[in-house]
>>> print(open('upload.txt').read())   # compact mmCIF, C-alpha atoms (C1' of nucleotides)
# COMPACT_ATOMS: atom_id res chain seq x y z
CA MET A 187 103.97 21.71 149.60
CA ALA A 188 107.56 22.18 149.34
CA GLU A 189 108.99 25.53 148.59
CA LEU A 190 112.67 26.28 148.39
CA PRO A 191 113.61 25.84 152.09
CA ASP A 192 111.82 22.50 152.42
CA LEU A 193 113.50 21.20 149.30
CA GLU A 194 116.90 22.45 150.34
CA VAL A 195 116.59 20.51 153.58
CA PHE A 196 115.32 17.44 151.72
CA SER A 197 118.34 17.55 149.43
CA ARG A 198 120.74 17.75 152.38
CA THR A 199 118.99 15.02 154.34
CA LEU A 200 118.80 12.71 151.34
CA SER A 201 122.46 13.30 150.58
CA ARG A 202 123.43 12.55 154.16
CA ARG A 203 121.39 9.39 154.32
CA PHE A 204 121.69 7.91 150.86
CA ALA A 205 124.64 9.38 148.98
CA GLY A 206 127.21 6.71 148.23
CA LYS A 207 124.63 3.93 148.34
CA LEU A 208 123.80 1.65 145.50
CA LEU A 209 120.29 1.87 144.12
CA GLU A 210 119.18 -1.72 143.84
CA LYS A 211 115.69 -1.16 142.64
CA VAL A 212 113.30 1.63 141.80
CA GLU A 213 109.61 0.90 141.65
CA VAL A 214 107.60 3.09 139.33
CA LYS A 215 104.05 3.22 140.66
CA VAL A 216 102.86 6.25 138.72
CA SER A 217 104.47 6.95 135.38
CA ASN A 218 102.13 9.43 133.72
CA LYS A 219 104.35 12.44 134.48
CA LEU A 220 107.60 10.69 133.76
CA ASN A 221 109.34 11.80 130.57
CA VAL A 222 110.56 8.30 129.75
CA THR A 223 109.10 4.82 130.14
CA ALA A 224 109.31 3.10 133.51
CA ALA A 225 111.49 0.42 131.95
CA ARG A 226 113.92 3.00 130.67
CA LEU A 227 114.12 4.72 134.04
CA LYS A 228 114.83 1.42 135.73
CA SER A 229 117.50 0.34 133.30
CA TYR A 230 119.05 3.76 133.49
CA LEU A 231 119.28 4.06 137.27
CA GLU A 232 119.24 0.61 138.82
CA THR A 233 122.55 -0.76 140.08
CA ARG A 234 123.95 2.77 140.01
CA LYS A 235 125.34 4.60 142.97
CA LEU A 236 123.65 7.78 144.15
CA THR A 237 126.38 10.40 144.38
CA ILE A 238 124.56 13.49 145.63
CA VAL A 239 121.15 15.13 145.82
CA LYS A 240 120.97 18.79 144.90
CA ARG A 241 118.22 21.36 144.78
CA SER A 242 117.51 23.70 141.93
CA GLY A 243 114.55 26.05 142.30
CA LYS A 244 111.70 23.89 143.52
CA THR A 245 113.14 20.72 142.08
CA LEU A 246 115.46 18.08 143.45
CA GLN A 247 118.21 16.59 141.33
CA PHE A 248 119.32 13.07 142.13
CA HIS A 249 122.78 12.58 140.70
CA PHE A 250 123.88 9.03 139.93
CA GLU A 251 127.27 7.83 138.89
CA GLY A 252 127.82 8.00 135.17
CA GLU A 253 126.42 11.53 134.79
CA ARG A 254 122.89 10.34 135.19
CA VAL A 255 120.42 12.71 136.78
CA LEU A 256 116.84 12.32 137.88
CA GLY A 257 115.00 15.59 138.41
CA LEU A 258 111.96 15.66 140.68
CA HIS A 259 109.28 18.27 141.21
CA LEU A 260 106.88 17.56 144.05
CA MET A 261 104.21 19.96 142.78
CA LEU A 262 101.36 20.64 145.18
CA ARG A 263 101.07 17.60 147.37
CA GLY A 264 104.14 15.52 146.68
CA GLU A 265 106.07 14.20 149.66
CA LEU A 266 109.21 12.26 150.45
CA VAL A 267 108.88 9.55 153.07
CA SER A 268 111.03 6.89 154.66
CA LEU A 269 110.12 3.27 154.13
CA ASP A 270 109.33 2.37 157.74
CA LYS A 271 105.87 1.41 156.57
CA PRO A 272 104.36 0.91 153.12
CA PRO A 273 103.90 4.40 151.65
CA LYS A 274 100.46 5.74 150.90
CA TYR A 275 100.01 7.06 147.36
CA PRO A 276 103.46 6.01 146.13
CA VAL A 277 104.85 7.41 142.88
CA LEU A 278 108.42 6.15 143.03
CA ILE A 279 110.02 3.84 145.58
CA PHE A 280 113.79 3.74 145.87
CA HIS A 281 115.41 0.67 147.41
CA PHE A 282 119.09 0.92 148.27
CA LYS A 283 121.50 -1.87 148.96
CA GLY A 284 121.32 -2.66 152.66
CA GLY A 285 117.55 -2.42 152.84
CA GLU A 286 117.03 1.28 153.33
CA GLY A 287 115.11 3.49 151.00
CA PHE A 288 112.58 6.23 150.52
CA ALA A 289 109.51 6.93 148.48
CA VAL A 290 108.07 9.82 146.55
CA THR A 291 104.36 9.96 147.26
CA ASP A 292 101.58 12.13 145.91
CA MET A 293 97.89 11.56 146.36
CA GLN A 294 97.32 13.89 143.47
CA LYS A 295 99.74 12.10 141.17
CA GLN A 296 101.20 15.39 140.07
CA ALA A 297 104.76 14.88 141.28
CA THR A 298 106.94 15.03 138.21
CA PRO A 299 110.11 12.96 137.83
CA THR A 300 112.26 13.91 134.84
CA LEU A 301 115.17 11.89 133.56
CA ASP A 302 118.08 14.13 132.58
CA PRO A 303 116.25 17.41 133.03
CA PRO A 304 117.41 20.21 130.72
CA PRO A 305 119.33 23.00 132.44
CA ASN A 306 117.20 25.83 133.75
CA LEU A 307 118.69 29.26 133.21
CA VAL A 308 116.31 31.17 135.46
CA ASN A 309 117.98 32.47 138.61
CA ASP A 310 117.45 30.58 141.82
CA ALA A 311 116.14 32.83 144.60
CA LEU A 312 119.26 32.14 146.67
CA ASP A 313 121.53 32.80 143.74
CA LEU A 314 120.21 36.15 142.60
CA ASP A 315 122.32 39.28 142.74
CA LEU A 316 120.87 42.69 143.40
CA ASN A 317 121.41 44.04 139.91
CA THR A 318 119.67 41.14 138.25
CA PHE A 319 116.83 41.54 140.70
CA LYS A 320 116.54 45.27 139.94
CA LYS A 321 116.32 44.53 136.24
CA LEU A 322 113.61 41.99 136.90
CA LEU A 323 111.41 44.60 138.55
CA ASP A 324 112.27 47.49 136.24
CA GLY A 325 109.22 48.85 134.45
CA LYS A 326 107.10 45.81 135.36
CA LYS A 327 103.42 46.45 135.84
CA THR A 328 102.70 43.20 137.62
CA VAL A 329 101.98 42.97 141.29
CA ILE A 330 105.16 42.25 143.23
CA LYS A 331 103.96 39.02 144.81
CA THR A 332 103.02 37.59 141.44
CA LEU A 333 106.49 38.41 140.16
CA LEU A 334 108.21 36.82 143.15
CA MET A 335 106.26 33.62 142.61
CA ASP A 336 106.83 33.56 138.85
CA GLN A 337 109.22 30.67 138.33
CA LYS A 338 110.25 32.08 134.96
CA LYS A 339 111.69 35.12 136.74
CA VAL A 340 112.97 33.77 140.06
CA ARG A 341 112.86 30.15 141.08
CA GLY A 342 111.96 28.81 144.49
CA ILE A 343 109.46 31.18 146.06
CA GLY A 344 105.87 30.04 146.49
CA ASN A 345 102.73 31.40 148.05
CA SER A 346 103.75 30.99 151.69
CA TYR A 347 107.26 32.35 151.56
CA GLY A 348 106.16 35.12 149.21
CA ASP A 349 104.02 36.50 152.02
CA GLU A 350 106.72 36.01 154.62
CA ILE A 351 109.33 37.79 152.51
CA LEU A 352 107.10 40.76 151.75
CA TYR A 353 106.15 41.11 155.39
CA HIS A 354 109.81 41.03 156.37
CA ALA A 355 110.61 43.68 153.76
CA GLY A 356 107.71 45.88 154.84
CA ILE A 357 106.32 46.00 151.32
CA SER A 358 102.69 45.40 150.43
CA PRO A 359 102.17 42.32 148.25
CA PHE A 360 99.87 44.44 146.10
CA SER A 361 102.64 46.89 145.18
CA ILE A 362 103.40 47.32 141.49
CA ALA A 363 106.84 45.82 140.86
CA GLY A 364 108.13 48.67 138.73
CA LYS A 365 107.05 51.32 141.21
CA ILE A 366 109.09 50.10 144.15
CA PRO A 367 111.88 52.59 144.96
CA GLU A 368 115.48 51.45 144.81
CA GLU A 369 116.02 51.45 148.56
CA HIS A 370 113.05 49.17 149.05
CA ILE A 371 114.19 46.86 146.27
CA LYS A 372 117.44 46.50 148.15
CA GLN A 373 115.55 45.64 151.30
CA LEU A 374 113.37 43.18 149.45
CA HIS A 375 116.42 41.49 148.01
CA LYS A 376 117.87 41.17 151.50
CA SER A 377 114.59 39.85 152.85
CA ILE A 378 114.48 37.10 150.23
CA GLN A 379 117.87 35.82 151.34
CA HIS A 380 117.15 36.28 155.02
CA VAL A 381 113.72 34.66 155.15
CA LEU A 382 114.73 31.68 153.03
CA LYS A 383 118.02 31.04 154.79
CA THR A 384 116.47 31.37 158.23
CA ALA A 385 113.74 28.95 157.24
CA ILE A 386 116.29 26.43 155.99
CA LYS A 387 118.11 26.58 159.33
CA LYS A 388 114.93 26.16 161.33
CA ILE A 389 113.64 23.28 159.25
CA GLU A 390 116.98 21.55 159.27
CA LYS A 391 117.27 21.81 163.02
CA GLU A 392 113.73 20.63 163.56
CA ASN A 393 113.84 17.71 161.14
CA GLY A 394 117.24 16.26 161.89
CA ASP A 395 117.70 13.19 159.73
CA GLU A 396 114.00 12.57 159.26
CA LEU A 397 112.27 12.95 155.95
CA VAL A 398 109.26 14.93 157.00
CA GLY A 399 106.95 17.26 155.25
CA GLU A 400 106.89 20.96 155.30
CA LEU A 401 107.31 22.73 158.58
CA ARG A 402 105.26 25.86 158.79
CA ASP A 403 105.18 26.53 162.53
CA PHE A 404 107.44 29.52 162.19
CA MET A 405 105.38 31.34 159.62
CA LEU A 406 104.80 34.84 160.91
CA ILE A 407 102.08 35.86 158.52
CA HIS A 408 101.04 33.10 156.19
CA SER A 409 98.61 31.06 158.22
CA SER A 410 94.86 31.09 158.50
CA LYS A 411 95.22 30.59 162.25
CA LEU A 412 97.18 33.74 162.93
CA LYS A 413 95.33 36.92 163.72
CA GLN A 414 98.19 39.18 164.66
CA ALA A 415 101.62 39.76 163.18
CA PRO A 416 104.67 39.92 165.49
CA ASN A 417 104.58 43.70 165.19
CA GLY A 418 101.10 43.69 166.69
CA LYS A 419 99.29 44.57 163.48
CA GLU A 420 96.19 42.73 162.43
CA ILE A 421 96.75 40.20 159.67
CA LEU A 422 94.60 40.84 156.63
CA SER A 423 93.95 38.44 153.81
CA GLY A 424 93.19 38.80 150.13
CA LYS A 425 93.67 36.99 146.85
CA ILE A 426 96.56 37.32 144.45
CA GLY A 427 96.69 34.95 141.52
CA GLY A 428 93.87 32.90 143.02
CA ARG A 429 95.94 32.17 146.13
CA THR A 430 95.34 33.52 149.58
CA THR A 431 97.71 36.30 150.52
CA TYR A 432 98.28 37.40 154.10
CA TYR A 433 99.61 40.85 154.86
CA THR A 434 99.33 43.78 157.25
CA GLN A 435 98.62 47.48 156.94
CA SER A 436 102.15 48.19 158.08
CA GLN A 437 103.49 47.07 154.71
CA GLU A 438 104.00 49.99 152.37
CA LEU A 439 102.04 50.04 149.13
CA PHE A 440 103.78 51.39 146.02
CA HIS A 441 101.68 52.07 142.96
C1' DG B 270 79.01 19.13 152.98
C1' DA B 271 81.25 23.32 151.32
C1' DA B 272 85.44 25.80 151.38
C1' DT B 273 90.32 25.67 151.44
C1' DA B 274 95.09 24.43 150.44
C1' DT B 275 99.13 23.82 147.59
C1' DG B 276 102.38 24.65 141.99
C1' DT B 277 102.15 24.35 137.39
C1' DT B 278 100.19 23.81 132.85
C1' DT B 279 96.86 24.87 129.67
C1' DA B 280 92.80 26.97 128.10
C1' DA B 281 90.06 30.88 127.99
C1' DA B 282 89.05 35.64 128.53
C1' DT B 283 90.34 40.35 128.42
C1' DC C 72 99.05 39.68 120.02
C1' DA C 73 100.20 40.27 124.82
C1' DT C 74 98.75 39.76 129.27
C1' DT C 75 95.85 38.31 132.92
C1' DT C 76 92.75 35.04 134.95
C1' DA C 77 90.52 30.73 135.75
C1' DA C 78 90.17 25.82 135.59
C1' DA C 79 92.13 21.48 136.19
C1' DC C 80 94.66 18.01 138.76
C1' DA C 81 92.93 14.44 143.69
C1' DT C 82 92.44 14.24 148.34
C1' DA C 83 92.75 15.63 153.29
C1' DT C 84 91.64 18.87 156.46
C1' DT C 85 88.96 22.57 158.43
>>> encode(input="upload.txt", output="structure tokens")
Amino acid sequence: MAELPDLEVFSRTLSRRFAGKLLEKVEVKVSNKLNVTAARLKSYLETRKLTIVKRSGKTLQFHFEGERVLGLHLMLRGELVSLDKPPKYPVLIFHFKGGEGFAVTDMQKQATPTLDPPPNLVNDALDLDLNTFKKLLDGKKTVIKTLLMDQKKVRGIGNSYGDEILYHAGISPFSIAGKIPEEHIKQLHKSIQHVLKTAIKKIEKENGDELVGELRDFMLIHSSKLKQAPNGKEILSGKIGGRTTYYTQSQELFH
DNA sequence: GAATATGTTTAAAT
DNA sequence: CATTTAAACATATT
């Protein structure tokens, strides 16, 4: 789950609901991906106040008072849920003073909490200027969608939004990155910002204060249920990097 | 019951 | 050696 827009909304919702609260207890149910022992995590974070939750790429960063940070990557199937009922497949359970809390769950046990994550210097998709983006594509022989999803080049874009962005930009996902003309790179850069920001707004509006999973109702292209794009073109599907890619003939192929 | 879905790491193949 | 591709992870849904 969880690409950049979902995580951005999670970070805002979590900040709204839990920032300023004291973390009384954190239960570590799955510790195999944690970079420190459960005991260390507990002693490090418990009885600390959560100051803010930020997003960086596809990770969340829980900031606690005293410069303590817990990074969290939800990977494929990780979720954040409220504690109205006992969570299924819990990884971490946060209990705040006053009784409220939330849990990180993952049936696949791949969600990765990291205490004091090292800084990541790769540009976030929403913090990427045009020139940097141009340089990223320059001379590259890889397929554009692969490059967009490469977290070592740009952080935050996954399989679903990759398709949505390329559809919006009118560029075929199979285009060779280095062969895309300047004008179209500009458009693609705009589309990245537009698609992600629009998605954030929609998800935020839809979710309100609830911690709910990804919202994909507004996907224009990336869905196995859709047959037709908004522009009336038939939606085609193929594989890029082992993942299903949805696109239309109206998207220009550069190679 | 087989195929599919999701991101990342690691191993294997080109 | 660089780059690309596939497998693995565990389970729910189609």
>>> interface_residues(input="upload.txt", of="chain A", to="chain C", cutoff="10 Å", atoms="only C-alpha atoms (C1' of nucleotides)", output="tab-separated table (two decimals) with C-alpha atoms, keeping the file's coordinate frame")
chain	number	residue	atom	x	y	z
A	262	LEU	CA	101.36	20.64	145.18
A	263	ARG	CA	101.07	17.60	147.37
A	292	ASP	CA	101.58	12.13	145.91
A	293	MET	CA	97.89	11.56	146.36
A	294	GLN	CA	97.32	13.89	143.47
A	295	LYS	CA	99.74	12.10	141.17
A	296	GLN	CA	101.20	15.39	140.07
A	328	THR	CA	102.70	43.20	137.62
A	427	GLY	CA	96.69	34.95	141.52
A	428	GLY	CA	93.87	32.90	143.02
>>> closest_atom_pairs(input="upload.txt", of="chain A", to="chain B", cutoff="9 Å", atoms="all atoms listed in the file", output="JSON lines")
{"residue": "A:Met187", "atom": "CA", "partner": "B:DT275", "partner_atom": "C1'", "distance": 5.6}
{"residue": "A:Ala188", "atom": "CA", "partner": "B:DT275", "partner_atom": "C1'", "distance": 8.8}
{"residue": "A:Leu260", "atom": "CA", "partner": "B:DG276", "partner_atom": "C1'", "distance": 8.6}
{"residue": "A:Met261", "atom": "CA", "partner": "B:DG276", "partner_atom": "C1'", "distance": 5.1}
{"residue": "A:Leu262", "atom": "CA", "partner": "B:DT275", "partner_atom": "C1'", "distance": 4.6}
{"residue": "A:Arg263", "atom": "CA", "partner": "B:DT275", "partner_atom": "C1'", "distance": 6.5}
{"residue": "A:Gly344", "atom": "CA", "partner": "B:DG276", "partner_atom": "C1'", "distance": 7.8}
{"residue": "A:Asn345", "atom": "CA", "partner": "B:DT275", "partner_atom": "C1'", "distance": 8.4}
{"residue": "A:Arg429", "atom": "CA", "partner": "B:DA274", "partner_atom": "C1'", "distance": 8.9}
>>> residues_around(input="upload.txt", residues="Lys388 of chain A", least_positions_apart="3", cutoff="12 Å", atoms="only C-alpha atoms (C1' of nucleotides)", output="PDB file with C-alpha atoms, keeping the file's coordinate frame")
ATOM      1  CA  PRO A 191     113.610  25.840 152.090  1.00  0.00           C
ATOM      2  CA  ASP A 192     111.820  22.500 152.420  1.00  0.00           C
ATOM      3  CA  GLU A 194     116.900  22.450 150.340  1.00  0.00           C
ATOM      4  CA  VAL A 195     116.590  20.510 153.580  1.00  0.00           C
ATOM      5  CA  VAL A 381     113.720  34.660 155.150  1.00  0.00           C
ATOM      6  CA  LEU A 382     114.730  31.680 153.030  1.00  0.00           C
ATOM      7  CA  LYS A 383     118.020  31.040 154.790  1.00  0.00           C
ATOM      8  CA  THR A 384     116.470  31.370 158.230  1.00  0.00           C
ATOM      9  CA  ALA A 385     113.740  28.950 157.240  1.00  0.00           C
ATOM     10  CA  LYS A 391     117.270  21.810 163.020  1.00  0.00           C
ATOM     11  CA  GLU A 392     113.730  20.630 163.560  1.00  0.00           C
ATOM     12  CA  ASN A 393     113.840  17.710 161.140  1.00  0.00           C
ATOM     13  CA  GLY A 394     117.240  16.260 161.890  1.00  0.00           C
ATOM     14  CA  GLU A 400     106.890  20.960 155.300  1.00  0.00           C
ATOM     15  CA  LEU A 401     107.310  22.730 158.580  1.00  0.00           C
ATOM     16  CA  ARG A 402     105.260  25.860 158.790  1.00  0.00           C
ATOM     17  CA  ASP A 403     105.180  26.530 162.530  1.00  0.00           C
ATOM     18  CA  PHE A 404     107.440  29.520 162.190  1.00  0.00           C
ATOM     19  CA  MET A 405     105.380  31.340 159.620  1.00  0.00           C
TER      20      MET A 405
END
>>> atom_distance(input="upload.txt", atom1="atom CA of Ile407 of chain A", atom2="atom CA of Ile421 of chain A")
7.0 Å
>>> atom_distance(input="upload.txt", atom1="atom CA of Leu208 of chain A", atom2="atom CA of Ser229 of chain A")
13.8 Å
>>> atom_distance(input="upload.txt", atom1="atom CA of Val214 of chain A", atom2="atom CA of Pro305 of chain A")
24.1 Å
>>> residues_near_point(input="upload.txt", point="(123.1, 11.6, 151.4)", cutoff="12 Å", atoms="all atoms listed in the file", output="mmCIF file with C-alpha atoms, in the frame of the given file")
data_model
loop_
_atom_site.group_PDB
_atom_site.id
_atom_site.type_symbol
_atom_site.label_atom_id
_atom_site.label_comp_id
_atom_site.auth_asym_id
_atom_site.auth_seq_id
_atom_site.Cartn_x
_atom_site.Cartn_y
_atom_site.Cartn_z
ATOM 1 C CA VAL A 195 116.590 20.510 153.580
ATOM 2 C CA PHE A 196 115.320 17.440 151.720
ATOM 3 C CA SER A 197 118.340 17.550 149.430
ATOM 4 C CA ARG A 198 120.740 17.750 152.380
ATOM 5 C CA THR A 199 118.990 15.020 154.340
ATOM 6 C CA LEU A 200 118.800 12.710 151.340
ATOM 7 C CA SER A 201 122.460 13.300 150.580
ATOM 8 C CA ARG A 202 123.430 12.550 154.160
ATOM 9 C CA ARG A 203 121.390 9.390 154.320
ATOM 10 C CA PHE A 204 121.690 7.910 150.860
ATOM 11 C CA ALA A 205 124.640 9.380 148.980
ATOM 12 C CA GLY A 206 127.210 6.710 148.230
ATOM 13 C CA LYS A 207 124.630 3.930 148.340
ATOM 14 C CA LEU A 208 123.800 1.650 145.500
ATOM 15 C CA LYS A 235 125.340 4.600 142.970
ATOM 16 C CA LEU A 236 123.650 7.780 144.150
ATOM 17 C CA THR A 237 126.380 10.400 144.380
ATOM 18 C CA ILE A 238 124.560 13.490 145.630
ATOM 19 C CA VAL A 239 121.150 15.130 145.820
ATOM 20 C CA LYS A 240 120.970 18.790 144.900
ATOM 21 C CA PHE A 248 119.320 13.070 142.130
ATOM 22 C CA HIS A 249 122.780 12.580 140.700
ATOM 23 C CA PHE A 250 123.880 9.030 139.930
ATOM 24 C CA PHE A 282 119.090 0.920 148.270
ATOM 25 C CA GLY A 287 115.110 3.490 151.000
ATOM 26 C CA PHE A 288 112.580 6.230 150.520
ATOM 27 C CA ASP A 395 117.700 13.190 159.730
ATOM 28 C CA LEU A 397 112.270 12.950 155.950
#
>>> axis_aligned_box(input="upload.txt", around="segment 270-282 of chain B", padding_each_side="5 Å", output="lines of an AutoDock Vina configuration file")
center_x = 90.7
center_y = 27.4
center_z = 140.5
size_x = 33.4
size_y = 26.5
size_z = 35.0
